[in-house]
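Asker: Structure provided below as structure tokens; questions to follow.
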Amino acid sequence: MILAALDGLVRSGRVTGYTVEEDSSYLGAHVPALTYRMYMDGPTSHLNLGAFACAMGELAMTMKLSRVHGTVAREGALVRSRQLCLTAEFAGEREIGAAMAVVHARFVAAPKAAPGSWRFPDVRVTGSLPAATAPAFAHHWRNGRATAVVLTLDPESPLAGAAIDRVQVLPSWVDYLTGGEIEFADIPQLTLSRP
């Protein structure tokens, strides 16, 4: 039920997209935490996620991997993707600050970035306010054993019944969350669903 309503919000442009997450424990985390998402399919994505895990392994107290399904609109259709999400938790501000420095230096697509890095990576930080991030709100609804999550810049939920948590995102996401375009990677495994 909630997914059909979220599909309608994405189609109408009221929200930019949503994810259905197997593990949303980063929301409301009591220690600094960050999530990093990468497409599930393709060797370049696997190498990128592996490089990210190795980099975070030096800094994080704990790490866990979970599945995510993403939905955005592109060219009048809903585009669905399968993703993997690495959630890392950190001992304190120094460690999350170092982790964010690694994200900016190595995992935002640029000449020296790890292969497969997204130009605008979906990094979400909770339990901390690190430099070079921007505030956003995660509106979320339980959906069976998973959680549907919509990111916005507005604390007002786009649908009734949501729990709401503050998150930090990369500054590049602010324009996207207000309706701007992000150039998503062309991944052949993405599926299009027309109304």
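Quick note on naming: the chains in the structure tokens go A, B, ... in the order shown, residues restart at 1 in each chain, and ligands are numbered from 1 in order of appearance.
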Please build the interface table for region 122-164 of chain A against region 7-22 of chain A with a cut-off of 10 Å, listing for each qualifying residue the nearest atom pair and the distance in Å to one decimal; count only C-alpha atoms, order rows by chain and increasing number, and write it as a tab-separated table.
Answerer:
residue	atom	partner	partner_atom	distance
A:Ala138	CA	A:Tyr18	CA	9.8
A:His139	CA	A:Tyr18	CA	9.6
A:His140	CA	A:Val20	CA	9.4
A:Trp141	CA	A:Val20	CA	9.4
A:Arg142	CA	A:Val20	CA	9.3
A:Asn143	CA	A:Val20	CA	8.2
A:Gly144	CA	A:Glu22	CA	9.9
A:Arg145	CA	A:Glu22	CA	7.0
A:Ala146	CA	A:Glu22	CA	4.7
A:Thr147	CA	A:Glu21	CA	5.1
A:Ala148	CA	A:Val20	CA	4.3
A:Val149	CA	A:Thr19	CA	5.2
A:Val150	CA	A:Tyr18	CA	4.6
A:Leu151	CA	A:Tyr18	CA	7.1
A:Thr152	CA	A:Val15	CA	7.3
A:Pro158	CA	A:Val15	CA	7.7
A:Leu159	CA	A:Leu9	CA	9.0
Asker: Quick one: residues within 8 Å of region 123-130 of chain A, only C-alpha atoms, excluding same-chain residues fewer than 5 positions away - as a list in words?
Answerer: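 Here the qualifying residues turn out to be Tyr26, Leu27, Gly28, Ala29, His30, Val31, Pro32, Ala33, Leu34, Thr35, Tyr36, Arg37, Glu93, Ile96, Gly97, Met100, Arg166, Val167, Gln168, Val169 and Leu170 of chain A.
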Asker: Could you pull out the strand (DSSP E or B) residues of region 9-179 of chain A from DSSP and send them as a ChimeraX atom specification?
Answerer: /A:17-21,33-39,62-74,77-89,123-126,134-143,146-152,163-169
Asker: Using DSSP assignments from the backbone, pull out every residue in region 44-166 of chain A that falls under helix (DSSP H, G or I) and give it to me as a PyMOL selection string.
Answerer: chain A and resi 44-57+93-106
Asker: Using only C-alpha atoms, determine which residues lie at most 12 Å from Ala98 (chain A), disregarding the query and same-chain residues fewer than 6 positions distant; provide the list as a PyMOL selection string.
Answerer: chain A and resi 32+34+55-56+58-60+90-92+104-105+130-132
Asker: Skipping near chain neighbours, those fewer than 4 positions away, what residues fall within 9 Å of Val108 (chain A) using only C-alpha atoms, listed as a list in words?
Answerer: Val103, His104, Ala113, Ala114, Ser117, Trp118, Arg119, Phe120 and Pro121 of chain A
Asker: Mind pulling up the distance from CA of Gly50 (chain A) to CA of Lys112 (chain A)?
Answerer: 16.5 Å
Asker: Rank A:Ala110, A:Asp154, A:Leu6, A:Pro171 by their smallest atom-to-atom distance to Val72 (chain A), using only C-alpha atoms, and report the top residue only.
Answerer: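 Among the listed residues, A:Leu6 lies closest to Val72 (chain A).
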Asker: Looking at A:Ser172, A:Leu153, A:Gly116, A:Asp165, which one is nearest to Thr44 (chain A), with distances taken over only C-alpha atoms?
Answerer: A:Gly116
Asker: When you count only C-alpha atoms, which of these residues is closest to Ser66 (chain A): A:Ala5, A:Pro111, A:Trp173, A:Tyr39?
Answerer: A:Tyr39
Asker: Compare A:Ala4, A:Leu65, A:Ala136, A:Leu47 by their minimum atom-to-atom distance to Ala88 (chain A), counting only C-alpha atoms, and give me the closest one.
Answerer: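 Closest candidate: A:Leu65.
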